[in-house]
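Peer 1: Data: work_31.cif, mmCIF, C-alpha atoms and all ligand atoms.
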data_target
loop_
_atom_site.label_atom_id
_atom_site.label_comp_id
_atom_site.auth_asym_id
_atom_site.auth_seq_id
_atom_site.Cartn_x
_atom_site.Cartn_y
_atom_site.Cartn_z
CA MET R 119 120.66 15.42 87.92
CA LYS R 120 119.89 19.13 87.63
CA THR R 121 117.34 20.27 90.22
CA ILE R 122 114.60 22.72 89.31
CA ASP R 123 113.95 25.83 91.36
CA TYR R 124 110.16 25.78 91.04
CA THR R 125 109.91 29.08 92.99
CA LYS R 126 110.96 30.81 89.74
CA TYR R 127 107.55 29.87 88.33
CA PRO R 128 104.69 31.29 90.42
CA VAL R 129 101.71 28.95 90.26
CA PRO R 130 98.45 30.64 89.22
CA ARG R 131 95.12 29.70 90.79
CA ILE R 132 94.21 26.34 89.30
CA ARG R 133 90.90 24.65 90.04
CA HIS R 134 90.79 20.96 90.99
CA HIS R 135 88.60 20.12 88.02
CA ALA R 136 87.81 21.44 84.58
CA ASN R 137 84.34 22.17 83.17
CA PRO R 138 82.49 18.80 83.54
CA VAL R 139 81.64 18.69 79.82
CA LEU R 140 85.34 18.27 79.00
CA TYR R 141 85.40 14.79 80.59
CA PHE R 142 83.18 13.50 77.78
CA PRO R 143 84.26 13.01 74.14
CA LEU R 144 83.71 15.98 71.86
CA LYS R 145 81.63 13.87 69.47
CA GLN R 146 79.05 13.30 72.25
CA HIS R 147 78.30 17.02 72.46
CA LYS R 148 75.63 18.33 70.14
CA ASN R 149 75.77 21.86 71.51
CA ARG R 150 79.40 22.97 71.39
CA ASN R 151 78.93 26.36 72.90
CA PHE R 152 81.94 26.05 75.23
CA SER R 153 85.69 25.99 75.01
CA TYR R 154 86.91 22.43 74.43
CA PRO R 155 90.55 21.24 74.11
CA PRO R 156 91.41 20.80 70.41
CA VAL R 157 90.87 17.27 69.12
CA VAL R 158 93.90 16.76 66.95
CA GLU R 159 94.37 14.29 64.08
CA LYS R 160 98.06 14.79 63.39
CA PHE R 161 101.13 16.62 64.68
CA GLU R 162 104.32 17.81 63.09
CA TRP R 163 106.54 16.43 65.83
CA SER R 164 109.24 18.98 64.93
CA GLU R 165 106.87 21.65 66.31
CA LEU R 166 106.84 19.90 69.68
CA PHE R 167 110.25 18.27 70.07
CA ALA R 168 113.73 19.48 69.07
CA ASP R 169 114.70 16.20 67.39
CA GLY R 170 111.46 16.09 65.36
CA LYS R 171 110.74 12.53 66.52
CA PRO R 172 107.50 11.26 68.03
CA PRO R 173 107.22 10.67 71.78
CA SER R 174 108.35 7.37 73.36
CA LEU R 175 106.78 8.17 76.73
CA LEU R 176 103.24 9.42 77.43
CA ASP R 177 102.15 10.96 80.74
CA VAL R 178 98.37 10.73 80.70
CA GLY R 179 96.78 13.27 83.08
CA CYS R 180 100.11 14.81 84.00
CA GLY R 181 98.70 17.47 86.35
CA MET R 182 101.40 19.90 87.54
CA GLY R 183 103.98 17.94 85.56
CA LYS R 184 106.79 17.25 88.06
CA PHE R 185 107.17 13.68 86.82
CA LEU R 186 107.09 14.73 83.15
CA ILE R 187 109.57 17.59 83.48
CA GLU R 188 112.06 15.70 85.62
CA THR R 189 111.83 12.56 83.46
CA ALA R 190 112.59 14.70 80.39
CA ILE R 191 115.64 16.21 82.09
CA HIS R 192 116.79 12.78 83.29
CA GLN R 193 116.40 11.24 79.80
CA PRO R 194 117.29 14.04 77.36
CA GLU R 195 117.30 11.67 74.37
CA THR R 196 113.70 10.57 74.98
CA ASN R 197 110.63 12.60 74.04
CA ILE R 198 107.82 12.70 76.59
CA LEU R 199 104.35 14.03 75.85
CA GLY R 200 101.87 14.91 78.59
CA PHE R 201 98.10 15.30 78.39
CA GLU R 202 96.14 17.47 80.76
CA ILE R 203 92.57 18.76 80.76
CA ARG R 204 93.08 21.88 82.94
CA VAL R 205 94.34 24.60 80.65
CA ASN R 206 96.02 26.65 83.40
CA ALA R 207 98.04 23.63 84.47
CA VAL R 208 99.09 23.01 80.85
CA GLU R 209 100.23 26.61 80.43
CA TRP R 210 102.17 26.54 83.70
CA VAL R 211 103.93 23.23 82.97
CA ASN R 212 104.90 24.37 79.47
CA LYS R 213 106.24 27.59 81.03
CA VAL R 214 108.53 25.54 83.29
CA ILE R 215 109.57 23.32 80.36
CA ASN R 216 110.50 26.39 78.31
CA GLY R 217 112.12 28.13 81.28
CA GLU R 218 114.34 25.10 81.88
CA LYS R 219 115.15 24.96 78.14
CA THR R 220 113.92 21.39 77.98
CA ARG R 221 113.46 20.41 74.33
CA ASN R 222 112.14 16.87 74.74
CA ALA R 223 108.94 17.50 76.72
CA LYS R 224 105.59 19.08 75.96
CA VAL R 225 102.12 19.10 77.47
CA LEU R 226 98.98 19.24 75.37
CA TRP R 227 95.68 20.69 76.47
CA TYR R 228 93.71 17.61 75.66
CA SER R 229 90.91 15.44 76.99
CA ILE R 230 92.10 11.87 76.76
CA VAL R 231 88.58 10.52 76.20
CA ASN R 232 89.00 11.52 72.52
CA GLU R 233 91.56 8.77 71.83
CA PHE R 234 95.00 9.48 70.37
CA PRO R 235 94.74 9.39 66.54
CA PHE R 236 97.95 11.45 66.22
CA ILE R 237 100.07 8.74 67.91
CA GLU R 238 101.26 5.98 65.59
CA SER R 239 100.48 2.36 66.40
CA SER R 240 103.28 0.36 68.08
CA SER R 241 105.40 3.45 68.69
CA VAL R 242 105.36 4.08 72.45
CA GLU R 243 107.64 2.45 75.05
CA LYS R 244 105.87 3.47 78.22
CA ILE R 245 102.54 5.01 79.15
CA PHE R 246 102.14 6.50 82.62
CA TYR R 247 98.64 6.75 84.08
CA LEU R 248 99.50 7.99 87.53
CA PHE R 249 96.93 8.92 90.17
CA PRO R 250 93.92 9.58 87.96
CA ASP R 251 91.11 11.66 89.44
CA PRO R 252 89.18 9.30 91.75
CA TRP R 253 85.64 10.56 91.01
CA ILE R 254 84.48 8.88 94.20
CA LYS R 255 80.79 9.78 94.04
CA LYS R 256 78.78 7.23 92.10
CA ARG R 257 77.14 9.88 89.92
CA HIS R 258 80.64 11.01 88.85
CA HIS R 259 81.92 7.55 87.88
CA LYS R 260 81.05 8.31 84.26
CA ARG R 261 83.79 10.96 84.29
CA ARG R 262 86.42 8.25 84.83
CA ALA R 263 88.52 8.01 81.67
CA PHE R 264 89.80 4.48 82.35
CA THR R 265 87.58 2.38 80.09
CA SER R 266 88.07 -0.61 77.84
CA GLY R 267 88.22 1.86 74.92
CA LEU R 268 91.11 3.74 76.54
CA LEU R 269 92.90 0.43 77.12
CA ASP R 270 92.41 -0.47 73.44
CA GLU R 271 94.13 2.81 72.56
CA PHE R 272 96.97 2.16 75.03
CA HIS R 273 97.36 -1.31 73.52
CA ARG R 274 97.44 0.08 69.97
CA MET R 275 100.05 2.74 70.76
CA LEU R 276 102.41 0.57 72.82
CA LEU R 277 105.27 -1.39 71.30
CA PRO R 278 104.94 -5.18 71.73
CA ALA R 279 107.14 -4.99 74.84
CA GLY R 280 105.72 -1.64 75.93
CA LYS R 281 104.50 -1.10 79.46
CA LEU R 282 101.60 0.71 81.08
CA TYR R 283 102.32 2.08 84.56
CA ILE R 284 99.42 2.80 86.92
CA MET R 285 99.37 4.20 90.43
CA THR R 286 96.43 5.10 92.65
CA ASP R 287 95.81 5.90 96.29
CA VAL R 288 92.08 5.11 96.06
CA PRO R 289 91.17 1.41 96.63
CA ASP R 290 87.89 1.75 94.73
CA VAL R 291 89.76 3.14 91.71
CA ASP R 292 92.30 0.33 91.95
CA GLU R 293 89.44 -2.17 91.89
CA HIS R 294 87.92 -0.36 88.89
CA HIS R 295 91.25 -0.59 87.02
CA CYS R 296 91.57 -4.34 87.69
CA LYS R 297 88.00 -4.97 86.54
CA VAL R 298 88.46 -3.01 83.29
CA ILE R 299 91.82 -4.69 82.54
CA GLU R 300 90.40 -8.17 83.22
CA GLU R 301 87.36 -7.53 81.02
CA ASN R 302 89.42 -5.98 78.24
CA LYS R 303 91.77 -9.02 78.16
CA LYS R 304 94.53 -7.28 76.15
CA PHE R 305 96.87 -6.76 79.13
CA VAL R 306 98.16 -8.69 82.11
CA TYR R 307 98.89 -6.71 85.25
CA GLU R 308 101.23 -7.12 88.19
CA TYR R 309 101.33 -5.19 91.43
CA ILE R 310 104.85 -3.94 92.00
CA LYS R 311 106.58 -3.08 95.24
CA ASP R 312 109.85 -1.24 95.66
CA PRO R 313 112.60 -1.96 94.67
CA ASP R 314 111.06 -3.63 91.59
CA TRP R 315 109.34 -0.40 90.50
CA ASP R 316 111.74 0.75 87.78
CA VAL R 317 110.72 4.42 87.88
CA ASN R 318 112.79 6.67 90.13
CA ILE R 319 111.10 10.02 89.61
CA LYS R 320 108.07 10.81 91.75
CA THR R 321 104.89 12.57 90.69
CA ASN R 322 103.32 15.50 92.58
CA GLN R 323 100.57 13.28 93.94
CA GLU R 324 103.00 10.51 94.89
CA GLU R 325 105.06 12.99 96.91
CA PHE R 326 101.88 14.23 98.58
CA CYS R 327 100.88 10.65 99.52
CA LEU R 328 104.35 9.90 100.86
CA SER R 329 104.35 13.11 102.94
CA LYS R 330 100.97 12.19 104.51
CA ASN R 331 101.60 8.43 104.82
CA ILE R 332 98.72 7.71 102.45
CA PRO R 333 99.11 4.18 101.01
CA PHE R 334 98.96 3.70 97.24
CA THR R 335 99.33 0.85 94.75
CA LYS R 336 101.73 0.54 91.84
CA MET R 337 100.94 -1.67 88.90
CA ILE R 338 102.63 -2.50 85.59
CA CYS R 339 100.54 -3.83 82.71
CA TYR R 340 102.11 -5.82 79.87
CA LYS R 341 100.53 -6.52 76.53
CA PHE R 342 99.11 -10.02 76.61
CA PRO R 343 100.94 -12.39 76.57
CA LYS R 344 103.62 -10.94 78.87
CA PRO R 345 107.09 -10.96 77.22
CA GLU R 346 109.52 -13.56 78.55
CA PRO R 347 112.10 -12.26 81.05
CA GLY R 348 115.08 -10.77 79.23
CA LYS R 349 112.98 -9.93 76.16
CA GLU R 350 111.22 -6.93 77.67
CA ARG R 351 113.26 -4.50 75.60
CA GLN R 352 112.55 -6.24 72.31
CA LYS R 353 110.61 -3.91 69.98
C1 LIG G 1 95.11 13.51 90.68
S1 LIG G 1 95.84 14.31 89.32
C2 LIG G 1 97.40 13.45 89.16
C3 LIG G 1 98.42 14.24 88.36
C4 LIG G 1 99.77 13.57 88.18
N1 LIG G 1 99.66 12.41 87.31
C5 LIG G 1 100.37 13.18 89.50
O1 LIG G 1 100.49 11.98 89.76
O2 LIG G 1 100.70 14.09 90.26
C6 LIG G 1 94.92 13.70 87.90
C7 LIG G 1 95.09 14.59 86.68
O3 LIG G 1 94.42 14.04 85.54
C8 LIG G 1 93.80 15.11 84.84
N2 LIG G 1 92.68 14.58 84.05
C9 LIG G 1 91.52 14.06 84.50
N3 LIG G 1 90.72 13.68 83.49
C10 LIG G 1 91.39 14.00 82.34
C11 LIG G 1 91.07 13.88 80.96
N4 LIG G 1 89.90 13.38 80.53
N5 LIG G 1 91.99 14.30 80.05
C12 LIG G 1 93.18 14.81 80.46
N6 LIG G 1 93.53 14.96 81.76
C13 LIG G 1 92.65 14.55 82.70
C14 LIG G 1 93.34 16.04 85.96
O4 LIG G 1 93.06 17.36 85.52
C15 LIG G 1 94.51 15.97 86.93
O5 LIG G 1 95.49 16.92 86.67
#
Represent the structure of the file as structure tokens.
Peer 2:
Amino acid sequence: MKTIDYTKYPVPRIRHHANPVLYFPLKQHKNRNFSYPPVVEKFEWSELFADGKPPSLLDVGCGMGKFLIETAIHQPETNILGFEIRVNAVEWVNKVINGEKTRNAKVLWYSIVNEFPFIESSSVEKIFYLFPDPWIKKRHHKRRAFTSGLLDEFHRMLLPAGKLYIMTDVPDVDEHHCKVIEENKKFVYEYIKDPDWDVNIKTNQEEFCLSKNIPFTKMICYKFPKPEPGKERQK
């Protein structure tokens, strides 16, 4: 696979977090006197992807985009759409995508708490929710995007045999994910260990954890009931 020389793309100063108001849905804000990522109803996919088709893979909270860019290069026939709340990160990742002449990847400046009305139901093969912000302090828990409502949206967008991939290095966040999935009841989850993790490309945060020996969990969620073995690819 082609390797990317990331040194060609100087990284600007990017804060760890965006303006706190962006972590809450636009409709909750009465006073909108701030810059908020556009809440989109529909896309012309031909403006995002060379083949004009909708995305099959979603990278939710893609950060600095290593996973998204390298997945797109590895699977040139598959469109991958990323969502990221920090505008500088979005601009930088799209710069790399354009610089590498990758036509099947794009990142949107978007806050995922606004749902995904522009993605058709039962259209997505895989959703990646990899190393979400931990929001460790109790008073920040309300900024966590992983809610039953988000799971409903993931469920709606995924094909019947679609899969939701989750990774986290924060045990409290892992516990939060399990609780929300169990209460939502639309998915079953399984913890996965290598070599059964069928994703070869690593994210920025995954590489960081590996370099520092920080443990993390990997989970795959299937729409309930889980498809029988051998029928996972059925659409
Ligand atoms: C810890 S980083 C992980 C990035 C990447 N997935 C990885 O594994 O390297 C979490 C990312 O989710 C983004 N994020 C957090 N809340 C978001 C939201 N409501 N909408 C979109 N992106 C969000 C953050 O800005 C950050 O880039």
Peer 1: Excluding R:Asn197 and residues on its chain fewer than 4 positions from it, collect all residues at most 7 Å away from it, counting all atoms listed in the file, and give them as a PyMOL selection string.
Peer 2: chain R and resi 167+172-175+190+222-223
Peer 1: The residues within 12 Å of (86.2, 19.6, 84.6), using only C-alpha atoms and the coordinates of the file, should be reported as a ChimeraX atom specification; which are they?
Peer 2: /R:132-142,153-155,202-205,228-229,251,253,258,261-262
Peer 1: Give me the residues near R:Lys120 as a list in words, where near means some atom within 9 Å (using only C-alpha atoms) and where sequence neighbours in that chain fewer than 5 positions away do not count.
Peer 2: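 With the cut-off at 9 Å, the set is Glu188, Ile191 and His192 of chain R.
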Peer 1: Out of R:Lys336, R:Lys311, R:Lys330, R:Lys260, which residue has the shortest atom-to-atom distance to R:Pro289 when counting only C-alpha atoms?
Peer 2: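 Ranked by minimum distance to R:Pro289, first place goes to R:Lys336.
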Peer 1: Tell me which protein, DNA and RNA residues are within 10 Å of R:Glu308, counting all atoms listed in the file, leaving out same-chain ones fewer than 6 positions away, and put them as a ChimeraX atom specification.
Peer 2: /R:283,336-340
